[in-house]
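One file, run.pdb, is given below (PDB, C-alpha atoms).
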```
ATOM      1  CA  LEU S1312     -51.748 -79.854  45.281
ATOM      2  CA  VAL S1313     -52.382 -81.907  48.454
ATOM      3  CA  VAL S1314     -56.000 -82.590  49.448
ATOM      4  CA  LEU S1315     -57.087 -84.308  52.661
ATOM      5  CA  GLU S1316     -60.403 -86.154  52.315
ATOM      6  CA  SER S1317     -60.550 -88.174  55.551
ATOM      7  CA  THR S1318     -63.219 -87.036  58.001
ATOM      8  CA  THR S1319     -61.610 -85.421  61.030
ATOM      9  CA  TYR S1320     -62.003 -82.615  63.572
ATOM     10  CA  PRO S1321     -61.896 -78.984  62.438
ATOM     11  CA  GLY S1322     -58.328 -77.699  62.285
ATOM     12  CA  THR S1323     -56.645 -80.958  61.267
ATOM     13  CA  THR S1324     -55.602 -79.801  57.784
ATOM     14  CA  ASP S1325     -53.965 -76.630  59.090
ATOM     15  CA  GLU S1326     -52.744 -77.793  62.520
ATOM     16  CA  VAL S1327     -51.656 -81.390  61.814
ATOM     17  CA  LEU S1328     -51.209 -82.014  58.085
ATOM     18  CA  ARG S1329     -49.685 -78.653  57.168
ATOM     19  CA  PRO S1330     -46.723 -78.879  59.636
ATOM     20  CA  LEU S1331     -46.029 -82.486  58.589
ATOM     21  CA  LEU S1332     -45.853 -81.527  54.920
ATOM     22  CA  GLU S1333     -43.833 -78.362  55.503
ATOM     23  CA  GLU S1334     -41.294 -79.949  57.842
ATOM     24  CA  GLY S1335     -40.861 -82.979  55.628
ATOM     25  CA  SER S1336     -40.347 -81.040  52.423
ATOM     26  CA  GLY S1337     -38.940 -77.635  53.398
ATOM     27  CA  LEU S1338     -41.756 -76.101  51.322
ATOM     28  CA  LYS S1339     -44.397 -73.643  52.529
ATOM     29  CA  ALA S1340     -48.117 -74.398  52.136
ATOM     30  CA  GLY S1341     -49.963 -71.741  50.180
ATOM     31  CA  THR S1342     -46.718 -70.543  48.606
ATOM     32  CA  ASP S1343     -44.780 -73.560  47.334
ATOM     33  CA  PHE S1344     -47.689 -75.994  47.174
ATOM     34  CA  HIS S1345     -51.480 -75.902  47.443
ATOM     35  CA  LEU S1346     -53.241 -77.455  50.445
ATOM     36  CA  ALA S1347     -56.986 -78.119  50.750
ATOM     37  CA  PHE S1348     -59.619 -80.204  52.496
ATOM     38  CA  SER S1349     -62.446 -81.872  50.576
ATOM     39  CA  PRO S1350     -64.652 -84.290  52.530
ATOM     40  CA  GLU S1351     -65.536 -87.566  50.835
ATOM     41  CA  ARG S1352     -69.260 -88.008  50.243
ATOM     42  CA  ILE S1353     -69.688 -91.631  49.258
ATOM     43  CA  ASP S1354     -72.901 -93.541  49.931
ATOM     44  CA  PRO S1355     -72.041 -97.220  49.292
ATOM     45  CA  GLY S1356     -74.744 -99.095  47.452
ATOM     46  CA  ASN S1357     -76.596 -95.932  46.394
ATOM     47  CA  PRO S1358     -77.844 -96.515  42.825
ATOM     48  CA  VAL S1359     -78.614 -92.821  42.214
ATOM     49  CA  TYR S1360     -75.792 -90.737  43.674
ATOM     50  CA  GLY S1361     -72.124 -91.432  42.946
ATOM     51  CA  VAL S1362     -68.941 -89.371  42.757
ATOM     52  CA  ALA S1363     -69.867 -87.348  39.664
ATOM     53  CA  ASN S1364     -73.367 -86.154  40.607
ATOM     54  CA  THR S1365     -72.754 -85.539  44.334
ATOM     55  CA  PRO S1366     -71.652 -81.918  44.953
ATOM     56  CA  LYS S1367     -68.034 -81.712  46.180
ATOM     57  CA  ILE S1368     -67.072 -79.310  48.966
ATOM     58  CA  VAL S1369     -63.587 -77.790  48.792
ATOM     59  CA  GLY S1370     -61.887 -75.631  51.412
ATOM     60  CA  GLY S1371     -58.435 -74.239  50.686
ATOM     61  CA  LEU S1372     -55.709 -72.928  52.981
ATOM     62  CA  THR S1373     -55.658 -69.892  50.672
ATOM     63  CA  GLU S1374     -57.942 -68.722  47.893
ATOM     64  CA  ALA S1375     -55.439 -70.023  45.339
ATOM     65  CA  CYS S1376     -55.382 -73.416  47.084
ATOM     66  CA  ALA S1377     -59.184 -73.590  46.882
ATOM     67  CA  THR S1378     -59.138 -72.620  43.210
ATOM     68  CA  ALA S1379     -56.594 -75.318  42.382
ATOM     69  CA  ALA S1380     -58.549 -78.011  44.226
ATOM     70  CA  ALA S1381     -61.819 -76.882  42.653
ATOM     71  CA  ALA S1382     -60.228 -77.074  39.206
ATOM     72  CA  LEU S1383     -59.113 -80.659  39.862
ATOM     73  CA  TYR S1384     -62.491 -81.904  41.133
ATOM     74  CA  GLY S1385     -64.341 -79.919  38.477
ATOM     75  CA  LYS S1386     -62.914 -82.262  35.851
ATOM     76  CA  PHE S1387     -65.010 -85.192  37.096
ATOM     77  CA  VAL S1388     -67.620 -83.767  39.510
ATOM     78  CA  ASP S1389     -70.666 -81.878  38.221
ATOM     79  CA  GLN S1390     -70.767 -79.278  41.000
ATOM     80  CA  VAL S1391     -67.944 -77.999  43.211
ATOM     81  CA  VAL S1392     -68.837 -75.878  46.255
ATOM     82  CA  GLN S1393     -66.098 -73.701  47.734
ATOM     83  CA  ALA S1394     -66.096 -73.326  51.519
ATOM     84  CA  LYS S1395     -64.637 -70.268  53.249
ATOM     85  CA  GLY S1396     -61.628 -72.292  54.396
ATOM     86  CA  THR S1397     -60.384 -75.719  55.462
ATOM     87  CA  ARG S1398     -62.075 -75.562  58.876
ATOM     88  CA  GLU S1399     -65.471 -74.806  57.359
ATOM     89  CA  ALA S1400     -65.095 -77.734  54.940
ATOM     90  CA  GLU S1401     -64.065 -80.024  57.802
ATOM     91  CA  MET S1402     -67.036 -78.850  59.881
ATOM     92  CA  ALA S1403     -69.477 -79.338  56.979
ATOM     93  CA  LYS S1404     -68.756 -83.071  56.876
ATOM     94  CA  LEU S1405     -69.095 -83.419  60.641
ATOM     95  CA  LEU S1406     -72.345 -81.446  60.542
ATOM     96  CA  GLU S1407     -73.778 -83.836  57.923
ATOM     97  CA  ASN S1408     -72.885 -86.936  59.938
ATOM     98  CA  THR S1409     -73.870 -85.494  63.325
ATOM     99  CA  TYR S1410     -77.257 -84.500  61.882
ATOM    100  CA  ARG S1411     -77.861 -88.118  60.876
ATOM    101  CA  HIS S1412     -76.474 -89.500  64.137
ATOM    102  CA  VAL S1413     -78.770 -87.351  66.293
ATOM    103  CA  ASN S1414     -81.885 -87.996  64.205
ATOM    104  CA  ILE S1415     -81.284 -91.749  64.134
ATOM    105  CA  ALA S1416     -80.964 -91.660  67.913
ATOM    106  CA  LEU S1417     -84.243 -89.720  68.104
ATOM    107  CA  VAL S1418     -86.251 -92.362  66.232
ATOM    108  CA  ASN S1419     -84.451 -95.212  68.003
ATOM    109  CA  GLU S1420     -85.499 -93.810  71.364
ATOM    110  CA  MET S1421     -89.022 -93.269  70.008
ATOM    111  CA  ALA S1422     -89.122 -96.917  68.887
ATOM    112  CA  VAL S1423     -88.577 -98.060  72.463
ATOM    113  CA  PHE S1424     -91.431 -96.104  74.034
ATOM    114  CA  CYS S1425     -93.776 -96.386  71.019
ATOM    115  CA  HIS S1426     -93.654-100.167  71.477
ATOM    116  CA  GLU S1427     -94.731 -99.700  75.095
ATOM    117  CA  LEU S1428     -97.506 -97.317  74.008
ATOM    118  CA  GLY S1429     -98.776 -99.676  71.287
ATOM    119  CA  ILE S1430     -97.956 -97.177  68.522
ATOM    120  CA  ASP S1431     -96.716 -98.290  65.093
ATOM    121  CA  LEU S1432     -93.828 -95.824  64.760
ATOM    122  CA  TRP S1433     -93.068 -96.880  61.173
ATOM    123  CA  ASP S1434     -96.614 -95.905  60.156
ATOM    124  CA  ALA S1435     -96.296 -92.610  62.024
ATOM    125  CA  ILE S1436     -93.021 -91.860  60.216
ATOM    126  CA  ASP S1437     -94.578 -92.696  56.832
ATOM    127  CA  CYS S1438     -97.435 -90.322  57.617
ATOM    128  CA  ALA S1439     -95.097 -87.541  58.752
ATOM    129  CA  ALA S1440     -92.992 -88.012  55.605
ATOM    130  CA  THR S1441     -95.922 -86.898  53.439
ATOM    131  CA  LYS S1442     -95.250 -83.329  54.606
ATOM    132  CA  PRO S1443     -93.443 -81.683  51.660
ATOM    133  CA  PHE S1444     -91.350 -79.354  53.845
ATOM    134  CA  GLY S1445     -89.697 -79.244  57.247
ATOM    135  CA  PHE S1446     -89.359 -83.014  57.778
ATOM    136  CA  GLN S1447     -86.965 -85.760  56.708
ATOM    137  CA  ALA S1448     -87.756 -89.378  57.496
ATOM    138  CA  PHE S1449     -85.337 -91.388  59.643
ATOM    139  CA  ARG S1450     -86.243 -94.935  60.630
ATOM    140  CA  PRO S1451     -85.328 -97.039  63.683
ATOM    141  CA  GLY S1452     -82.796 -99.832  63.566
ATOM    142  CA  PRO S1453     -80.733-102.156  65.753
ATOM    143  CA  GLY S1454     -78.012 -99.536  66.149
ATOM    144  CA  VAL S1455     -75.761 -97.452  63.920
ATOM    145  CA  GLY S1456     -73.011 -98.977  61.790
ATOM    146  CA  GLY S1457     -70.593 -98.056  59.051
ATOM    147  CA  HIS S1458     -67.388 -96.100  58.844
ATOM    148  CA  CYS S1459     -68.958 -92.655  59.442
ATOM    149  CA  ILE S1460     -71.948 -92.235  61.740
ATOM    150  CA  PRO S1461     -70.799 -94.167  64.846
ATOM    151  CA  ILE S1462     -67.331 -92.586  64.704
ATOM    152  CA  ASP S1463     -67.151 -89.167  63.045
ATOM    153  CA  PRO S1464     -69.345 -87.157  65.463
ATOM    154  CA  ASN S1465     -66.878 -88.118  68.202
ATOM    155  CA  TYR S1466     -64.203 -86.068  66.417
ATOM    156  CA  LEU S1467     -66.408 -83.021  66.884
ATOM    157  CA  SER S1468     -67.145 -83.964  70.490
ATOM    158  CA  TYR S1469     -63.380 -84.230  71.092
ATOM    159  CA  LYS S1470     -62.773 -80.776  69.643
ATOM    160  CA  VAL S1471     -65.582 -79.225  71.684
ATOM    161  CA  ARG S1472     -64.274 -80.877  74.869
ATOM    162  CA  SER S1473     -60.917 -79.193  74.235
ATOM    163  CA  LEU S1474     -62.791 -75.912  74.784
ATOM    164  CA  GLY S1475     -63.800 -77.086  78.242
ATOM    165  CA  TYR S1476     -67.379 -78.313  77.875
ATOM    166  CA  PRO S1477     -69.160 -81.409  76.513
ATOM    167  CA  PHE S1478     -71.058 -81.707  73.238
ATOM    168  CA  ARG S1479     -74.083 -83.207  74.950
ATOM    169  CA  PHE S1480     -76.194 -83.869  71.850
ATOM    170  CA  VAL S1481     -73.524 -86.092  70.299
ATOM    171  CA  GLU S1482     -72.771 -87.939  73.515
ATOM    172  CA  LEU S1483     -76.461 -88.585  74.223
ATOM    173  CA  ALA S1484     -77.014 -89.823  70.646
ATOM    174  CA  GLN S1485     -74.049 -92.161  71.033
ATOM    175  CA  GLU S1486     -75.455 -93.518  74.291
ATOM    176  CA  ILE S1487     -78.916 -94.142  72.790
ATOM    177  CA  ASN S1488     -77.627 -95.814  69.628
ATOM    178  CA  ASP S1489     -75.093 -97.926  71.538
ATOM    179  CA  ARG S1490     -77.810 -99.438  73.729
ATOM    180  CA  MET S1491     -80.037-100.516  70.806
ATOM    181  CA  PRO S1492     -78.405-103.971  70.388
ATOM    182  CA  ARG S1493     -79.230-104.764  74.030
ATOM    183  CA  TYR S1494     -82.826-103.612  73.454
ATOM    184  CA  ILE S1495     -83.127-105.784  70.334
ATOM    185  CA  VAL S1496     -82.043-108.864  72.304
ATOM    186  CA  GLU S1497     -84.530-108.030  75.077
ATOM    187  CA  ARG S1498     -87.293-107.833  72.451
ATOM    188  CA  ALA S1499     -86.143-111.183  71.053
ATOM    189  CA  GLN S1500     -86.504-112.696  74.519
ATOM    190  CA  GLN S1501     -90.005-111.217  74.847
ATOM    191  CA  LEU S1502     -91.125-112.535  71.458
ATOM    192  CA  LEU S1503     -89.931-116.044  72.279
ATOM    193  CA  ASN S1504     -91.447-115.858  75.752
ATOM    194  CA  ASN S1505     -94.810-114.969  74.194
ATOM    195  CA  GLN S1506     -94.599-118.296  72.324
ATOM    196  CA  GLY S1507     -93.653-120.215  75.462
ATOM    197  CA  ARG S1508     -90.015-120.537  74.398
ATOM    198  CA  ALA S1509     -86.746-119.600  76.093
ATOM    199  CA  LEU S1510     -83.942-117.798  74.283
ATOM    200  CA  LYS S1511     -81.541-120.450  75.564
ATOM    201  CA  ASP S1512     -81.236-123.228  72.948
ATOM    202  CA  ALA S1513     -83.542-121.327  70.557
ATOM    203  CA  ASN S1514     -82.607-121.317  66.864
ATOM    204  CA  VAL S1515     -82.177-117.657  65.871
ATOM    205  CA  LEU S1516     -81.636-116.625  62.255
ATOM    206  CA  LEU S1517     -80.053-113.213  61.589
ATOM    207  CA  LEU S1518     -81.075-111.691  58.261
ATOM    208  CA  GLY S1519     -78.330-109.377  57.090
ATOM    209  CA  VAL S1520     -75.104-108.766  59.012
ATOM    210  CA  THR S1521     -73.637-105.790  57.136
ATOM    211  CA  TYR S1522     -74.217-102.261  58.402
ATOM    212  CA  LYS S1523     -76.633-101.365  55.589
ATOM    213  CA  ALA S1524     -78.451-102.972  52.694
ATOM    214  CA  ASP S1525     -76.895-104.227  49.461
ATOM    215  CA  ILE S1526     -73.210-103.887  50.399
ATOM    216  CA  ALA S1527     -70.547-106.191  51.882
ATOM    217  CA  ASP S1528     -69.170-103.661  54.390
ATOM    218  CA  GLN S1529     -69.425-104.926  57.989
ATOM    219  CA  ARG S1530     -67.653-102.037  59.767
ATOM    220  CA  GLU S1531     -69.289-101.193  63.116
ATOM    221  CA  SER S1532     -72.313-103.321  62.184
ATOM    222  CA  PRO S1533     -74.724-103.651  65.136
ATOM    223  CA  ALA S1534     -75.317-107.246  64.046
ATOM    224  CA  ARG S1535     -72.092-108.206  65.796
ATOM    225  CA  PRO S1536     -72.960-107.013  69.352
ATOM    226  CA  ILE S1537     -76.452-108.467  68.883
ATOM    227  CA  ALA S1538     -74.983-111.855  67.913
ATOM    228  CA  ARG S1539     -72.493-111.668  70.777
ATOM    229  CA  ARG S1540     -75.267-111.120  73.322
ATOM    230  CA  LEU S1541     -77.573-113.758  71.823
ATOM    231  CA  THR S1542     -74.757-116.310  71.945
ATOM    232  CA  ARG S1543     -73.940-115.396  75.539
ATOM    233  CA  LEU S1544     -77.571-116.075  76.459
ATOM    234  CA  GLY S1545     -77.455-119.540  74.890
ATOM    235  CA  ALA S1546     -79.087-119.050  71.485
ATOM    236  CA  HIS S1547     -78.000-121.113  68.473
ATOM    237  CA  LEU S1548     -77.254-118.632  65.680
ATOM    238  CA  THR S1549     -77.212-118.850  61.925
ATOM    239  CA  TYR S1550     -77.121-115.954  59.486
ATOM    240  CA  HIS S1551     -78.217-115.207  55.953
ATOM    241  CA  ASP S1552     -76.522-112.476  53.920
ATOM    242  CA  PRO S1553     -75.865-112.799  50.174
ATOM    243  CA  TYR S1554     -72.968-110.295  50.473
ATOM    244  CA  VAL S1555     -71.112-112.150  53.266
ATOM    245  CA  THR S1556     -69.777-115.657  52.636
ATOM    246  CA  THR S1557     -68.235-116.184  56.103
ATOM    247  CA  TRP S1558     -68.929-114.360  59.349
ATOM    248  CA  HIS S1559     -67.120-114.394  62.689
ATOM    249  CA  VAL S1560     -68.014-112.908  66.072
ATOM    250  CA  ASP S1561     -65.072-112.714  68.483
ATOM    251  CA  ASP S1562     -63.163-115.263  66.381
ATOM    252  CA  THR S1563     -66.096-117.685  66.573
ATOM    253  CA  PRO S1564     -67.533-118.650  63.152
ATOM    254  CA  ILE S1565     -71.302-118.242  62.840
ATOM    255  CA  PRO S1566     -72.751-120.821  60.422
ATOM    256  CA  THR S1567     -74.462-119.545  57.307
ATOM    257  CA  ALA S1568     -78.038-120.567  56.595
ATOM    258  CA  GLY S1569     -76.976-121.463  53.068
ATOM    259  CA  THR S1570     -78.826-120.689  49.870
ATOM    260  CA  ASP S1571     -82.135-122.269  50.862
ATOM    261  CA  LEU S1572     -83.644-119.321  52.729
ATOM    262  CA  PRO S1573     -87.215-120.746  52.959
ATOM    263  CA  ALA S1574     -85.845-123.855  54.703
ATOM    264  CA  ALA S1575     -83.753-121.690  57.062
ATOM    265  CA  LEU S1576     -86.819-119.590  57.922
ATOM    266  CA  GLU S1577     -88.828-122.744  58.576
ATOM    267  CA  ALA S1578     -86.154-124.127  60.924
ATOM    268  CA  ALA S1579     -85.764-120.923  62.965
ATOM    269  CA  ASP S1580     -87.594-120.196  66.209
ATOM    270  CA  LEU S1581     -86.956-116.479  65.678
ATOM    271  CA  VAL S1582     -85.820-114.387  62.730
TER     272      VAL S1582
END
```
So, in terms of structure tokens, how does the structure I just supplied come out?
Amino acid sequence: LVVLESTTYPGTTDEVLRPLLEEGSGLKAGTDFHLAFSPERIDPGNPVYGVANTPKIVGGLTEACATAAAALYGKFVDQVVQAKGTREAEMAKLLENTYRHVNIALVNEMAVFCHELGIDLWDAIDCAATKPFGFQAFRPGPGVGGHCIPIDPNYLSYKVRSLGYPFRFVELAQEINDRMPRYIVERAQQLLNNQGRALKDANVLLLGVTYKADIADQRESPARPIARRLTRLGAHLTYHDPYVTTWHVDDTPIPTAGTDLPAALEAADLV
């Protein structure tokens, strides 16, 4: 039994992995060995959902392949869901991540114009989230990080482009989320300006440099492009993150604020 778990575009298991395995071994998938796709569903730092209690999707090249994969995962996962095939299982993962990508972009764009309109978007989201159906809360941030959301929807966009037309929702979401670090730095300049200070030579403290809370993973973290732009504009940066002991931006070390956070907050012009 061979199972691919890496997120990728629909068709990879059958069109890329299957020929590699068959040519390398002289065996035939679905006859001499089982082949399946089962997307990983890991949420780092989540105290509630882990491997065992998160339903596992399995799509097999054949029905027997799916049955074999389901039997394996069923030994340590509470619920196994069988997809129609490998392509459906591959698409399910991309659908999950694209859904998040697009909705994050929606609230990020709302954050920009709600500030101009004098609307507290976070309060509006909290109010909307009281609706017990038809709404899921997404909240604005300085961009999108991690190993999934900024990257995986592009696999789907690539596949759609091979059909001859763009996947405009994904590409627009990417554009909106990619420009959030620039917007954050512009807001930082405005906040300092309101206090009669320039960003140049200001002491700026970054709280948290990983891509999400309570983990050490820095992949695609928007903190890095924010720090890069702040440095380029002349700010003096320090950072505080209990999960990151050393931090570099473009090979330049950014000093840590140390363990005395109250003192670091006191010394900063902007946090």
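For the residues S:Leu1572, S:Leu1541, S:Leu1405, S:Val1314, ranking by smallest atom-to-atom distance to Ala1381 of chain S using only C-alpha atoms places S:Val1314 first.
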Report summary line: atom CA of Val1496 of chain S to atom CA of Asn1514 of chain S measures 13.6 Å
Requested in this report: Run the PyMOL selection byres ((chain S and resi 1457) around 6) on the file and write out the hits as a list in words.
Outcome: Gly1456, His1458, Cys1459, Tyr1522, Arg1530 and Glu1531 of chain S
Output for the residues just chosen: C-alpha atoms as an mmCIF file, in the coordinates of the input:
```cif
data_model
loop_
_atom_site.group_PDB
_atom_site.id
_atom_site.type_symbol
_atom_site.label_atom_id
_atom_site.label_comp_id
_atom_site.auth_asym_id
_atom_site.auth_seq_id
_atom_site.Cartn_x
_atom_site.Cartn_y
_atom_site.Cartn_z
ATOM 1 C CA GLY S 1456 -73.011 -98.977 61.790
ATOM 2 C CA HIS S 1458 -67.388 -96.100 58.844
ATOM 3 C CA CYS S 1459 -68.958 -92.655 59.442
ATOM 4 C CA TYR S 1522 -74.217 -102.261 58.402
ATOM 5 C CA ARG S 1530 -67.653 -102.037 59.767
ATOM 6 C CA GLU S 1531 -69.289 -101.193 63.116
#
```
Report task. Just give me the gap between atom CA of Ala1538 of chain S and atom CA of Thr1557 of chain S in Å, one decimal is fine. Result -> 14.3 Å
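Nearest residue to Phe1449 of chain S, choosing from S:Arg1411, S:Lys1395, S:Lys1523, S:Arg1539 and counting all atoms listed in the file: S:Arg1411.
Candidate residues S:Pro1492, S:Leu1312, S:Leu1417, S:Leu1517 were compared for distance to Leu1383 of chain S, and the nearest is S:Leu1312, using only C-alpha atoms.
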Query raised in the report: Any chance you could work out the residue set of the PyMOL selection byres ((chain S and resi 1560) around 12) here, as a PyMOL selection string?
Result: chain S and resi 1520+1529+1532-1543+1548-1550+1557-1559+1561-1566
Report summary line: What separates atom CA of Glu1351 of chain S and atom CA of Ser1317 of chain S is a distance of 6.9 Å
Requested in this report: Show which residues sit within 8 Å of Ala1347 of chain S, as a list in words. Count only C-alpha atoms, and ignore same-chain residues fewer than 6 positions away.
Outcome: Leu1312, Val1313, Val1314, Leu1315, Thr1324, Val1369, Gly1370, Gly1371, Leu1372, Cys1376, Ala1377, Ala1380 and Thr1397 of chain S
Query raised in the report: Quick one: of S:Asn1488, S:Thr1319, S:Ser1349, S:Asn1465, who's nearest to Asn1419 of chain S, counting only C-alpha atoms?
Result: S:Asn1488
Report task. Given the file shown, enumerate the residues that the PyMOL selection byres ((chain S and resi 1323) around 12) captures and present them as an MDAnalysis selection string. Result -> chainID S and resid 1314:1322 1324:1331 1346:1348 1372 1397:1402 1466:1467 1470
Query raised in the report: Which residues come within 9 Å of Lys1367 of chain S, counting all atoms listed in the file, excluding same-chain residues fewer than 4 positions away, as a ChimeraX atom specification?
Result: /S:1349-1352,1362-1363,1381,1384-1385,1388-1393
Per residue of segment 1364-1427 of chain S within 12 Å of segment 1431-1442 of chain S, which atom pair is closest and at what distance in Å (one decimal), using only C-alpha atoms, listed by chain and increasing number, as CSV?
```
residue,atom,partner,partner_atom,distance
S:Leu1417,CA,S:Leu1432,CA,11.8
S:Val1418,CA,S:Leu1432,CA,8.5
S:Asn1419,CA,S:Leu1432,CA,9.9
S:Glu1420,CA,S:Leu1432,CA,10.8
S:Met1421,CA,S:Leu1432,CA,7.6
S:Ala1422,CA,S:Leu1432,CA,6.4
S:Val1423,CA,S:Leu1432,CA,9.6
S:Phe1424,CA,S:Leu1432,CA,9.6
S:Cys1425,CA,S:Leu1432,CA,6.3
S:His1426,CA,S:Asp1431,CA,7.3
S:Glu1427,CA,S:Asp1431,CA,10.3
```
Reconstructed segment 1499-1522 of chain S, atom set N, CA and C atoms, as an mmCIF file, keeping the file's coordinate frame:
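Saved as selection.cif:
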```
data_model
loop_
_atom_site.group_PDB
_atom_site.id
_atom_site.type_symbol
_atom_site.label_atom_id
_atom_site.label_comp_id
_atom_site.auth_asym_id
_atom_site.auth_seq_id
_atom_site.Cartn_x
_atom_site.Cartn_y
_atom_site.Cartn_z
ATOM 1 N N ALA S 1499 -86.192 -109.798 71.519
ATOM 2 C CA ALA S 1499 -86.143 -111.183 71.053
ATOM 3 C C ALA S 1499 -86.577 -112.132 72.166
ATOM 4 N N GLN S 1500 -86.105 -111.875 73.371
ATOM 5 C CA GLN S 1500 -86.504 -112.696 74.519
ATOM 6 C C GLN S 1500 -88.012 -112.613 74.750
ATOM 7 N N GLN S 1501 -88.569 -111.403 74.640
ATOM 8 C CA GLN S 1501 -90.005 -111.217 74.847
ATOM 9 C C GLN S 1501 -90.821 -111.963 73.799
ATOM 10 N N LEU S 1502 -90.393 -111.876 72.538
ATOM 11 C CA LEU S 1502 -91.125 -112.535 71.458
ATOM 12 C C LEU S 1502 -91.136 -114.050 71.642
ATOM 13 N N LEU S 1503 -89.994 -114.607 72.023
ATOM 14 C CA LEU S 1503 -89.931 -116.044 72.279
ATOM 15 C C LEU S 1503 -90.754 -116.416 73.500
ATOM 16 N N ASN S 1504 -90.687 -115.601 74.528
ATOM 17 C CA ASN S 1504 -91.447 -115.858 75.752
ATOM 18 C C ASN S 1504 -92.948 -115.891 75.466
ATOM 19 N N ASN S 1505 -93.387 -115.006 74.562
ATOM 20 C CA ASN S 1505 -94.810 -114.969 74.194
ATOM 21 C C ASN S 1505 -95.257 -116.269 73.529
ATOM 22 N N GLN S 1506 -94.296 -117.011 72.965
ATOM 23 C CA GLN S 1506 -94.599 -118.296 72.324
ATOM 24 C C GLN S 1506 -94.268 -119.472 73.247
ATOM 25 N N GLY S 1507 -93.980 -119.161 74.517
ATOM 26 C CA GLY S 1507 -93.653 -120.215 75.462
ATOM 27 C C GLY S 1507 -92.280 -120.806 75.259
ATOM 28 N N ARG S 1508 -91.366 -120.048 74.661
ATOM 29 C CA ARG S 1508 -90.015 -120.537 74.398
ATOM 30 C C ARG S 1508 -88.996 -119.703 75.166
ATOM 31 N N ALA S 1509 -87.870 -120.314 75.486
ATOM 32 C CA ALA S 1509 -86.746 -119.600 76.093
ATOM 33 C C ALA S 1509 -85.758 -119.223 75.000
ATOM 34 N N LEU S 1510 -84.991 -118.165 75.233
ATOM 35 C CA LEU S 1510 -83.942 -117.798 74.283
ATOM 36 C C LEU S 1510 -82.823 -118.846 74.302
ATOM 37 N N LYS S 1511 -82.564 -119.408 75.466
ATOM 38 C CA LYS S 1511 -81.541 -120.450 75.564
ATOM 39 C C LYS S 1511 -81.954 -121.656 74.723
ATOM 40 N N ASP S 1512 -81.053 -122.098 73.860
ATOM 41 C CA ASP S 1512 -81.236 -123.228 72.948
ATOM 42 C C ASP S 1512 -82.221 -122.945 71.813
ATOM 43 N N ALA S 1513 -82.678 -121.681 71.689
ATOM 44 C CA ALA S 1513 -83.542 -121.327 70.557
ATOM 45 C C ALA S 1513 -82.694 -121.172 69.295
ATOM 46 N N ASN S 1514 -83.272 -121.516 68.154
ATOM 47 C CA ASN S 1514 -82.607 -121.317 66.864
ATOM 48 C C ASN S 1514 -82.956 -119.931 66.340
ATOM 49 N N VAL S 1515 -81.961 -119.049 66.282
ATOM 50 C CA VAL S 1515 -82.177 -117.657 65.871
ATOM 51 C C VAL S 1515 -81.453 -117.413 64.555
ATOM 52 N N LEU S 1516 -82.194 -116.935 63.573
ATOM 53 C CA LEU S 1516 -81.636 -116.625 62.255
ATOM 54 C C LEU S 1516 -81.508 -115.115 62.115
ATOM 55 N N LEU S 1517 -80.292 -114.636 61.817
ATOM 56 C CA LEU S 1517 -80.053 -113.213 61.589
ATOM 57 C C LEU S 1517 -80.097 -112.942 60.090
ATOM 58 N N LEU S 1518 -80.972 -112.059 59.677
ATOM 59 C CA LEU S 1518 -81.075 -111.691 58.261
ATOM 60 C C LEU S 1518 -80.293 -110.401 58.024
ATOM 61 N N GLY S 1519 -79.156 -110.542 57.368
ATOM 62 C CA GLY S 1519 -78.330 -109.377 57.090
ATOM 63 C C GLY S 1519 -77.384 -109.061 58.224
ATOM 64 N N VAL S 1520 -76.077 -109.061 57.958
ATOM 65 C CA VAL S 1520 -75.104 -108.766 59.012
ATOM 66 C C VAL S 1520 -74.194 -107.594 58.646
ATOM 67 N N THR S 1521 -74.389 -106.996 57.481
ATOM 68 C CA THR S 1521 -73.637 -105.790 57.136
ATOM 69 C C THR S 1521 -74.322 -104.578 57.778
ATOM 70 N N TYR S 1522 -73.658 -103.413 57.696
ATOM 71 C CA TYR S 1522 -74.217 -102.261 58.402
ATOM 72 C C TYR S 1522 -75.357 -101.589 57.641
#
```
